[in-house]
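As stored in input_27.cif (mmCIF, C-alpha atoms and all ligand atoms):
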```cif
data_my_file
#
loop_
_atom_site.label_atom_id
_atom_site.label_comp_id
_atom_site.auth_asym_id
_atom_site.auth_seq_id
_atom_site.Cartn_x
_atom_site.Cartn_y
_atom_site.Cartn_z
CA MET A 1 -37.63 -13.60 37.02
CA THR A 2 -40.66 -12.11 38.70
CA VAL A 3 -43.96 -11.80 36.89
CA PRO A 4 -44.80 -8.09 36.64
CA GLN A 5 -47.99 -6.88 38.25
CA ALA A 6 -49.85 -3.97 36.76
CA LYS A 7 -52.76 -1.71 37.55
CA VAL A 8 -55.20 -0.42 34.98
CA THR A 9 -57.70 2.40 35.48
CA MET A 10 -60.28 3.93 33.17
CA LEU A 11 -61.65 7.44 33.04
CA GLY A 12 -64.77 8.25 31.09
CA THR A 13 -68.22 9.73 31.45
CA LYS A 14 -71.31 7.90 32.54
CA GLY A 15 -72.56 5.65 29.77
CA SER A 16 -69.41 6.10 27.68
CA GLY A 17 -68.95 2.32 27.44
CA LYS A 18 -66.33 1.46 30.08
CA THR A 19 -68.02 -1.59 31.59
CA THR A 20 -69.21 -3.00 28.29
CA TYR A 21 -65.71 -2.54 26.82
CA LEU A 22 -64.23 -4.51 29.71
CA LEU A 23 -66.80 -7.26 29.17
CA GLY A 24 -66.23 -7.44 25.43
CA MET A 25 -62.47 -7.31 25.78
CA TYR A 26 -62.62 -10.16 28.28
CA ALA A 27 -64.95 -12.19 26.06
CA VAL A 28 -62.55 -11.86 23.12
CA LEU A 29 -59.33 -12.45 25.03
CA SER A 30 -60.57 -15.18 27.33
CA ALA A 31 -61.33 -17.15 24.16
CA GLY A 32 -57.75 -16.38 23.02
CA VAL A 33 -56.40 -14.21 20.21
CA GLN A 34 -53.31 -15.45 18.37
CA GLY A 35 -51.92 -17.20 21.43
CA HIS A 36 -52.78 -14.38 23.86
CA THR A 37 -55.28 -15.25 26.54
CA LEU A 38 -56.80 -13.67 29.58
CA VAL A 39 -58.35 -15.26 32.63
CA THR A 40 -59.61 -13.83 35.90
CA THR A 41 -57.85 -15.05 39.03
CA ASP A 42 -61.24 -15.43 40.70
CA LEU A 43 -63.21 -17.95 38.66
CA ASP A 44 -66.53 -16.55 39.92
CA ASP A 45 -65.63 -13.33 38.13
CA ASP A 46 -64.97 -15.34 34.97
CA GLU A 47 -68.42 -16.83 35.19
CA ASP A 48 -70.11 -13.52 35.95
CA MET A 49 -68.39 -11.81 33.03
CA ALA A 50 -69.18 -14.66 30.65
CA ASP A 51 -72.85 -14.58 31.77
CA ALA A 52 -73.03 -10.82 31.27
CA TRP A 53 -71.51 -11.19 27.80
CA TYR A 54 -74.00 -13.92 26.79
CA GLU A 55 -76.82 -11.78 28.16
CA LEU A 56 -75.68 -9.06 25.73
CA CYS A 57 -75.10 -11.36 22.76
CA ASP A 58 -78.21 -13.54 23.21
CA ASN A 59 -80.75 -11.16 24.74
CA GLY A 60 -79.37 -7.70 23.91
CA ARG A 61 -79.31 -6.83 27.61
CA VAL A 62 -76.46 -4.59 28.73
CA PRO A 63 -75.06 -4.52 32.27
CA PRO A 64 -76.46 -1.91 34.65
CA ALA A 65 -74.61 1.36 35.21
CA THR A 66 -71.70 0.92 37.63
CA SER A 67 -72.51 1.83 41.23
CA THR A 68 -70.57 4.03 43.66
CA GLU A 69 -68.76 0.87 44.74
CA PRO A 70 -66.17 0.20 42.03
CA LYS A 71 -65.67 -3.40 40.99
CA LEU A 72 -62.14 -4.78 41.16
CA TYR A 73 -61.09 -7.53 38.75
CA SER A 74 -57.82 -9.36 38.78
CA PHE A 75 -56.48 -10.97 35.59
CA ILE A 76 -53.69 -13.19 34.32
CA PHE A 77 -52.38 -12.41 30.83
CA ARG A 78 -50.72 -15.31 29.04
CA GLN A 79 -48.89 -15.89 25.79
CA ASP A 80 -48.91 -19.48 24.52
CA GLY A 81 -49.91 -20.61 27.99
CA GLU A 82 -47.06 -18.80 29.74
CA THR A 83 -47.98 -16.05 32.19
CA ILE A 84 -46.58 -12.73 30.98
CA LEU A 85 -48.10 -10.61 33.70
CA THR A 86 -50.94 -10.21 36.10
CA PHE A 87 -52.95 -7.04 36.46
CA ASP A 88 -55.95 -5.64 38.20
CA TRP A 89 -58.56 -3.40 36.73
CA GLU A 90 -61.00 -1.40 38.80
CA ASP A 91 -64.21 -0.40 37.07
CA TYR A 92 -65.53 2.97 38.33
CA ARG A 93 -68.76 4.68 37.44
CA GLY A 94 -68.42 7.79 35.27
CA GLY A 95 -69.80 9.83 38.18
CA ALA A 96 -66.61 9.17 40.19
CA MET A 97 -64.99 11.85 38.03
CA ASP A 98 -67.63 14.37 39.00
CA GLY A 99 -65.93 16.79 41.36
CA ASN A 100 -69.28 18.13 42.65
CA GLN A 101 -69.87 15.13 44.87
CA PRO A 102 -67.52 15.56 47.82
CA GLU A 103 -69.42 12.87 49.75
CA ALA A 104 -68.62 10.22 47.12
CA THR A 105 -65.82 8.01 48.34
CA ASP A 106 -65.11 6.51 44.93
CA ALA A 107 -63.98 9.94 43.66
CA GLY A 108 -61.08 10.04 46.12
CA ARG A 109 -60.26 6.40 45.49
CA LEU A 110 -60.18 6.99 41.76
CA GLN A 111 -57.63 9.80 42.08
CA ALA A 112 -55.42 7.81 44.42
CA ARG A 113 -55.57 4.79 42.14
CA LEU A 114 -54.69 6.79 39.03
CA ILE A 115 -51.34 7.74 40.53
CA GLU A 116 -50.62 4.05 41.13
CA SER A 117 -51.73 2.95 37.67
CA ASP A 118 -49.35 1.60 35.04
CA SER A 119 -51.94 1.95 32.36
CA ILE A 120 -54.62 4.62 32.04
CA TYR A 121 -57.57 4.53 29.67
CA LEU A 122 -59.26 7.76 28.69
CA VAL A 123 -62.62 6.88 27.24
CA LEU A 124 -64.30 9.13 24.71
CA ASN A 125 -67.79 8.18 23.65
CA GLY A 126 -67.65 7.90 19.85
CA THR A 127 -71.22 9.17 19.60
CA HIS A 128 -69.93 12.64 20.43
CA LEU A 129 -67.01 12.44 18.01
CA ALA A 130 -69.10 11.31 15.08
CA GLY A 131 -69.21 13.52 12.03
CA SER A 132 -65.53 14.33 11.80
CA PRO A 133 -63.89 16.60 11.05
CA VAL A 134 -65.16 18.26 14.20
CA VAL A 135 -64.90 21.96 13.47
CA ASP A 136 -63.77 24.52 16.05
CA GLU A 137 -67.30 25.67 16.89
CA ARG A 138 -68.33 22.14 17.80
CA ARG A 139 -65.21 21.26 19.70
CA ASP A 140 -66.28 22.99 22.92
CA GLY A 141 -69.51 21.00 22.89
CA VAL A 142 -67.58 17.76 22.41
CA LYS A 143 -65.28 18.73 25.27
CA ARG A 144 -68.24 19.26 27.54
CA MET A 145 -70.06 16.07 26.64
CA THR A 146 -66.99 13.86 26.96
CA LEU A 147 -65.67 15.66 30.06
CA ALA A 148 -62.38 15.81 28.16
CA ARG A 149 -61.19 18.87 30.09
CA ARG A 150 -61.62 17.06 33.38
CA MET A 151 -59.99 13.88 32.15
CA ASN A 152 -57.10 15.92 30.80
CA ALA A 153 -56.65 17.60 34.19
CA TYR A 154 -56.71 14.23 35.99
CA LEU A 155 -54.13 12.87 33.58
CA ALA A 156 -51.87 15.93 33.79
CA ASN A 157 -51.87 15.72 37.61
CA THR A 158 -51.19 12.01 37.54
CA LEU A 159 -48.28 12.37 35.12
CA SER A 160 -46.63 15.14 37.11
CA GLU A 161 -47.14 13.32 40.41
CA ARG A 162 -45.55 10.16 38.98
CA ALA A 163 -42.68 12.18 37.53
CA GLN A 164 -42.10 13.75 40.98
CA ARG A 165 -42.03 10.31 42.56
CA GLY A 166 -39.61 9.15 39.89
CA VAL A 167 -41.85 6.29 38.78
CA GLN A 168 -42.32 5.15 35.21
CA LEU A 169 -44.87 6.92 33.03
CA PRO A 170 -48.11 5.01 32.66
CA SER A 171 -49.06 3.89 29.18
CA ILE A 172 -52.06 5.82 27.92
CA THR A 173 -54.91 4.57 25.78
CA VAL A 174 -57.43 6.93 24.27
CA LEU A 175 -60.34 4.59 23.75
CA LEU A 176 -62.93 5.76 21.26
CA THR A 177 -65.94 3.62 22.14
CA LYS A 178 -69.03 3.04 20.00
CA ALA A 179 -66.89 3.38 16.89
CA ASP A 180 -69.89 2.23 14.84
CA MET A 181 -71.35 5.67 15.48
CA ILE A 182 -68.22 7.33 14.07
CA ARG A 183 -68.16 5.10 11.00
CA GLN A 184 -71.88 5.57 10.40
CA ALA A 185 -71.48 9.35 10.35
CA SER A 186 -68.61 9.25 7.83
CA PRO A 187 -69.39 6.26 5.59
CA ARG A 188 -67.30 7.39 2.66
CA THR A 189 -64.20 8.67 4.46
CA PRO A 190 -61.26 6.32 3.83
CA PRO A 191 -59.92 4.67 7.04
CA GLU A 192 -56.62 6.52 6.86
CA GLU A 193 -58.29 9.91 6.58
CA LEU A 194 -60.76 9.12 9.34
CA MET A 195 -57.94 8.08 11.66
CA ASP A 196 -56.05 11.32 10.86
CA GLN A 197 -59.15 13.35 11.70
CA LEU A 198 -59.72 11.46 14.95
CA CYS A 199 -56.08 11.86 15.99
CA ASP A 200 -56.24 15.56 15.28
CA LEU A 201 -59.38 15.87 17.39
CA VAL A 202 -58.22 13.81 20.37
CA GLN A 203 -54.89 15.64 20.48
CA ARG A 204 -56.86 18.83 20.97
CA LEU A 205 -59.27 17.32 23.48
CA LEU A 206 -56.64 15.56 25.60
CA PRO A 207 -53.31 17.38 25.13
CA ALA A 208 -51.79 15.82 28.28
CA ALA A 209 -51.93 12.40 26.61
CA PHE A 210 -49.70 13.63 23.79
CA GLU A 211 -47.11 15.69 25.62
CA GLN A 212 -43.56 15.22 24.51
CA ARG A 213 -42.05 13.13 27.28
CA ALA A 214 -39.28 10.63 26.82
CA GLY A 215 -40.62 7.11 27.06
CA SER A 216 -44.29 8.04 26.77
CA ARG A 217 -46.55 5.77 24.75
CA THR A 218 -50.13 6.58 23.78
CA LEU A 219 -52.54 4.53 21.71
CA VAL A 220 -55.59 5.92 19.98
CA CYS A 221 -58.00 3.07 19.36
CA PRO A 222 -61.58 3.11 18.12
CA VAL A 223 -63.50 0.11 19.46
CA GLN A 224 -67.00 -1.24 19.10
CA LEU A 225 -69.00 -4.06 20.52
CA GLY A 226 -71.36 -4.03 17.62
CA ALA A 227 -72.68 -1.97 14.75
CA PHE A 228 -75.77 -0.92 16.68
CA GLY A 229 -75.95 2.41 14.90
CA GLN A 230 -77.43 4.20 17.90
CA ASP A 231 -76.40 5.10 21.41
CA MET A 232 -78.85 3.64 23.90
CA ALA A 233 -76.91 4.47 27.07
CA GLY A 234 -79.32 5.19 29.91
CA GLU A 235 -82.32 3.77 28.03
CA ASP A 236 -83.99 0.61 29.12
CA LEU A 237 -83.93 -0.94 25.68
CA THR A 238 -82.33 -4.06 24.33
CA LEU A 239 -79.63 -4.09 21.69
CA ASP A 240 -80.16 -5.77 18.34
CA THR A 241 -78.20 -8.99 18.94
CA SER A 242 -77.74 -9.61 15.21
CA LYS A 243 -75.52 -6.53 15.19
CA VAL A 244 -73.03 -7.69 17.79
CA ASN A 245 -69.69 -7.44 16.01
CA PRO A 246 -66.72 -6.70 18.29
CA ARG A 247 -63.86 -4.77 16.72
CA ASN A 248 -60.38 -3.89 17.92
CA LEU A 249 -61.07 -4.93 21.51
CA ALA A 250 -57.73 -6.66 22.17
CA TYR A 251 -55.28 -4.01 20.89
CA PRO A 252 -55.60 -1.64 23.86
CA LEU A 253 -54.61 -4.37 26.28
CA ILE A 254 -51.57 -5.32 24.20
CA HIS A 255 -50.48 -1.70 24.20
CA SER A 256 -51.14 -1.31 27.93
CA PHE A 257 -48.27 -3.47 29.04
CA LEU A 258 -45.55 -2.81 26.49
CA ASN A 259 -43.77 -0.20 28.64
CA LEU A 260 -43.88 -2.39 31.69
CA LEU A 261 -42.70 -5.54 29.93
CA ASP A 262 -40.00 -3.61 28.15
CA THR A 263 -38.69 -2.23 31.44
CA ASN A 264 -38.81 -5.69 32.93
CA VAL A 265 -36.75 -7.20 30.13
CA ARG A 266 -34.24 -4.36 30.37
CA SER A 267 -33.77 -4.78 34.12
CA ASP A 268 -33.40 -8.57 33.74
CA ARG A 269 -30.88 -8.05 30.94
CA PHE A 270 -28.97 -5.61 33.14
CA ALA A 271 -28.94 -8.11 36.02
CA ALA A 272 -27.67 -10.83 33.65
CA GLY A 273 -24.91 -8.48 32.47
CA ARG A 274 -23.84 -7.81 36.06
CA LEU A 275 -23.73 -11.50 36.86
CA GLN A 276 -21.69 -12.14 33.72
CA ASN A 277 -19.12 -9.54 34.88
CA ARG A 278 -18.97 -11.04 38.33
CA ILE A 279 -18.33 -14.51 36.91
CA THR A 280 -15.56 -13.21 34.65
CA GLU A 281 -13.88 -11.46 37.61
CA SER A 282 -14.17 -14.52 39.88
CA ALA A 283 -12.83 -16.80 37.13
CA ASP A 284 -9.87 -14.44 36.52
CA ASP A 285 -9.10 -14.25 40.25
CA LEU A 286 -9.24 -18.02 40.58
CA GLU A 287 -6.99 -18.47 37.56
CA LYS A 288 -4.43 -16.09 39.08
CA TYR A 289 -4.66 -17.83 42.43
CA ARG A 290 -4.12 -21.22 40.81
CA LYS A 291 -0.85 -20.00 39.40
CA THR A 292 0.43 -19.15 42.86
CA PHE A 293 2.46 -21.52 45.01
CA ARG A 294 -0.10 -21.21 47.86
CA SER A 295 -2.91 -22.82 45.87
CA ILE A 296 -1.23 -26.23 46.06
CA PHE A 297 -1.95 -26.25 49.80
CA GLN A 298 -5.57 -25.07 49.40
CA PRO A 299 -7.22 -27.66 47.11
CA LYS A 300 -10.55 -27.40 48.97
CA TYR A 301 -10.70 -23.66 48.46
CA VAL A 302 -9.95 -24.03 44.73
CA ALA A 303 -12.62 -26.72 44.38
CA SER A 304 -15.27 -24.70 46.20
CA GLN A 305 -14.51 -21.60 44.13
CA THR A 306 -14.72 -23.63 40.93
CA ARG A 307 -18.08 -25.00 42.02
CA ALA A 308 -19.40 -21.55 42.94
CA ILE A 309 -18.41 -20.22 39.52
CA GLN A 310 -20.07 -23.19 37.83
CA ASP A 311 -23.30 -22.56 39.80
CA GLU A 312 -23.28 -18.93 38.76
CA ARG A 313 -22.73 -19.92 35.12
CA GLU A 314 -25.84 -22.12 35.28
CA GLN A 315 -27.81 -19.31 36.89
CA LEU A 316 -26.64 -16.95 34.14
CA GLU A 317 -27.71 -19.38 31.44
CA LYS A 318 -31.21 -19.51 32.91
CA MET A 319 -31.38 -15.73 33.12
CA GLN A 320 -30.26 -15.39 29.50
CA GLU A 321 -32.91 -17.89 28.40
CA THR A 322 -35.56 -15.89 30.26
CA VAL A 323 -34.42 -12.62 28.72
CA ALA A 324 -34.48 -14.16 25.23
CA ARG A 325 -37.98 -15.52 25.86
CA MET A 326 -39.22 -12.20 27.16
CA ASP A 327 -37.70 -10.44 24.16
CA THR A 328 -39.67 -12.72 21.87
CA GLN A 329 -42.87 -12.14 23.87
CA VAL A 330 -42.51 -8.36 23.66
CA ALA A 331 -41.60 -8.55 19.95
CA ARG A 332 -44.80 -10.50 19.27
CA LEU A 333 -46.94 -7.93 21.07
CA VAL A 334 -45.20 -5.10 19.23
CA GLY A 335 -45.74 -6.97 15.95
CA ARG A 336 -49.48 -7.32 16.52
CA LEU A 337 -49.84 -3.65 17.32
CA GLU A 338 -47.73 -2.73 14.32
CA GLU A 339 -50.04 -4.69 12.01
CA ALA A 340 -53.02 -2.83 13.46
CA ARG A 341 -51.24 0.51 13.01
CA ILE A 342 -50.45 -0.20 9.37
CA MET A 343 -54.11 -1.05 8.74
CA ASN A 344 -55.19 2.21 10.44
CA ARG A 345 -57.06 0.33 13.12
CA VAL A 346 -55.03 2.14 15.76
CA ALA A 347 -52.66 5.11 15.93
CA VAL A 348 -49.53 4.99 18.06
CA PHE A 349 -47.75 7.96 19.62
CA GLU A 350 -44.26 7.68 21.09
CA ASP A 351 -42.71 10.58 23.00
CA GLY A 352 -45.72 12.64 21.91
CA LYS A 353 -45.17 12.03 18.18
CA ARG A 354 -47.30 9.87 15.95
CA VAL A 355 -45.51 6.81 14.61
CA VAL A 356 -45.92 6.72 10.82
N1 LIG A 401 -73.65 1.95 19.38
C1 LIG A 401 -72.93 1.35 20.32
N2 LIG A 401 -73.34 1.42 21.61
C2 LIG A 401 -72.59 0.83 22.55
C3 LIG A 401 -71.40 0.12 22.24
N3 LIG A 401 -70.85 -0.33 23.39
C4 LIG A 401 -71.68 0.07 24.39
N4 LIG A 401 -72.72 0.77 23.88
C5 LIG A 401 -73.83 1.36 24.64
O1 LIG A 401 -73.30 2.13 25.71
C6 LIG A 401 -74.06 1.90 26.88
C7 LIG A 401 -73.32 2.24 28.15
O2 LIG A 401 -72.27 1.37 28.37
P1 LIG A 401 -71.60 1.11 29.80
O3 LIG A 401 -70.45 0.24 29.47
O4 LIG A 401 -72.53 0.67 30.83
O5 LIG A 401 -71.06 2.56 30.19
P2 LIG A 401 -70.14 2.97 31.44
O6 LIG A 401 -69.11 3.89 30.92
O7 LIG A 401 -69.66 1.75 32.16
O8 LIG A 401 -71.18 3.78 32.33
P3 LIG A 401 -71.14 4.07 33.94
O9 LIG A 401 -70.90 2.76 34.61
O10 LIG A 401 -72.47 4.66 34.21
O11 LIG A 401 -70.04 5.06 34.15
C8 LIG A 401 -74.47 0.45 26.72
O12 LIG A 401 -75.61 0.22 27.45
C9 LIG A 401 -74.73 0.31 25.25
O13 LIG A 401 -76.08 0.65 24.93
C10 LIG A 401 -71.01 0.04 20.86
O14 LIG A 401 -69.99 -0.56 20.47
N5 LIG A 401 -71.80 0.68 19.97
MG MG A 402 -69.85 1.12 34.09
#
```
Step by step, read the file and then write its structure as structure tokens.
Ligand SMILES: Nc1nc2c(ncn2[C@@H]2O[C@H](COP(=O)(O)OP(=O)(O)OP(=O)(O)O)[C@@H](O)[C@H]2O)c(=O)[nH]1
Ligand SMILES: [Mg+2]
Amino acid sequence: MTVPQAKVTMLGTKGSGKTTYLLGMYAVLSAGVQGHTLVTTDLDDDEDMADAWYELCDNGRVPPATSTEPKLYSFIFRQDGETILTFDWEDYRGGAMDGNQPEATDAGRLQARLIESDSIYLVLNGTHLAGSPVVDERRDGVKRMTLARRMNAYLANTLSERAQRGVQLPSITVLLTKADMIRQASPRTPPEELMDQLCDLVQRLLPAAFEQRAGSRTLVCPVQLGAFGQDMAGEDLTLDTSKVNPRNLAYPLIHSFLNLLDTNVRSDRFAAGRLQNRITESADDLEKYRKTFRSIFQPKYVASQTRAIQDEREQLEKMQETVARMDTQVARLVGRLEEARIMNRVAVFEDGKRVV
């Protein structure tokens, strides 16, 4: 069994909360959530991210805006100490999506990386979504502020390019950052109704993420680092540290890798099935051969064949154990996401349709 390797890429405007989400998500998962843990492969990165997180929690200082040089992180995702997969995540500045900067090298890199990505995050700043339901007249404004049209175009291109290459669809996460702003604007709306309104809105803003395609999986997930109640992006102010209260930060990552892990289990199961058939055929052939007169004069051949079949049986047993273990791992991830879906913390779309 090989450990799958994945690539994650985020799209979102400047100040939408990409870098702080990554920091918060890492802080939560590096501490471990129900047996799931994350660690960077480079331990200097682990220290830098932990320092940046403490800087936010203790002093209210947020990291600076990302520069034109994207930062690449490499992570190991484990369940009960066992590595499930490794992935890398490149953090781009929002400006890399700005097509009016032909001299910017990160813009080209971002597009190339998207095509290679197994998991794509489309970040919508919750500040602009607040006050749902967003009526038609306001929707154009929201589209402009979140650059939803551009993100949708990037995603549509990526999906068609991957389909042309015959590679698996990426999983898609629509990340609604600064969810405290959304909640604050609709304090009395029940969670279920608010989630319905948000789903309705994001389906209109990012239709490519909800196209009916077999095997597509999209998560809509509001997240917050804290209930700060204001959007201070771009301002040199400190956050109120007493309001740090991370919510929902781990679900997107769980969703990110379901497709990939699922495919991995299926291909391992298929390989185990093929080996099983080969063993059955070899055992039948040997049995037939043993019944022939010739076999009496070929004891070495019979012994070596018997040994080869025995070796393959042992190999098969190991493969079946791995498949069973991977099945359990995937089932646990699915279970966690399912709990979140039932509580209206997230909404899940499969083949373009909302799972209810
Ligand atoms: N209210 C509120 N504000 C938040 C939250 N998370 C982040 N912010 C604010 O959003 C600001 C911008 O976040 P960043 O993560 O730097 O944004 P970015 O998308 O990485 O921006 P670029 O790197 O410029 O593209 C932060 O400085 C915080 O002030 C949240 O949960 N609630
Ligand atoms: Mg950033």
Counting only C-alpha atoms, which residues in range 208-262 of chain A sit no more than 10 Å from range 184-203 of chain A? For each one, give the nearest pair of atoms and the distance in Å, sorted by chain then residue number, as a tab-separated table.
```
residue	atom	partner	partner_atom	distance
A:Ala208	CA	A:Gln203	CA	8.4
A:Ala209	CA	A:Gln203	CA	7.5
A:Phe210	CA	A:Gln203	CA	6.5
A:Glu211	CA	A:Gln203	CA	9.3
A:Leu219	CA	A:Cys199	CA	9.9
A:Val220	CA	A:Cys199	CA	7.2
A:Cys221	CA	A:Met195	CA	9.2
A:Pro222	CA	A:Met195	CA	8.9
A:Ala227	CA	A:Gln184	CA	8.7
A:Phe228	CA	A:Gln184	CA	9.8
A:Gly229	CA	A:Gln184	CA	6.8
A:Gln230	CA	A:Gln184	CA	9.4
```
Can you pull out every residue within 9 Å of range 118-131 of chain A, counting all atoms listed in the file, but drop anything in the same chain fewer than 4 positions away, and send it as an MDAnalysis selection string?
chainID A and resid 6:13 15:18 114 141:142 145:148 151:152 155 168:186 198 201:202 206 209 222:223 230:231 252 256:257 259:260
Within 7 Å of Leu225 in chain A using all atoms listed in the file, minus same-chain residues under 4 positions, as a list in words:
Gly24, Val244, Asn245, Pro246 and Arg247 of chain A
Neighbouring residues of ligand MG 402 (chain A) are defined here as those with any atom at most 6 Å from a ligand atom, counting all atoms listed in the file; list them as a count of residues only.
5
From the options A:Ser160, A:Gln224, A:Ser216, A:Thr68, which residue's atoms come nearest to ligand LIG 401 (chain A), counting all atoms listed in the file?
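Nearest to ligand LIG 401 (chain A): A:Gln224.
Compared by their closest atoms to Thr241 in chain A, and using all atoms listed in the file, the residues A:Ile84, A:Val62, A:Ile279, A:Leu38 rank with A:Val62 nearest.
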Would you compute the box with edges along x, y and z of the file around range 37-54 of chain A, including every atom the file lists for it and 6 Å extra on each side, and give its centre and edge lengths in Å to one decimal, as AutoDock Vina command-line options?
```
--center_x -64.6 --center_y -14.4 --center_z 33.6 --size_x 30.7 --size_y 19.1 --size_z 26.2
```
Proximity to ligand LIG 401 (chain A) - best of A:Asp236, A:Asp327, A:Asp351, A:Asp44, only C-alpha atoms and all ligand atoms
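The closest residue to ligand LIG 401 (chain A) is A:Asp236.
Interatomic distance, CA of Gln164 in chain A against CA of Gln212 in chain A: 16.6 Å.
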Local residues around (-45.0, -10.1, 20.2), at most 12 Å away, using all atoms listed in the file, as a list in words:
Gln34, Gly35, His36, Arg78, Gln79, Asp80, Ile84, Tyr251, Ile254, His255, Phe257, Leu258, Leu261, Asp262, Arg325, Met326, Asp327, Thr328, Gln329, Val330, Ala331, Arg332, Leu333, Val334, Gly335, Arg336, Leu337, Glu338 and Glu339 of chain A
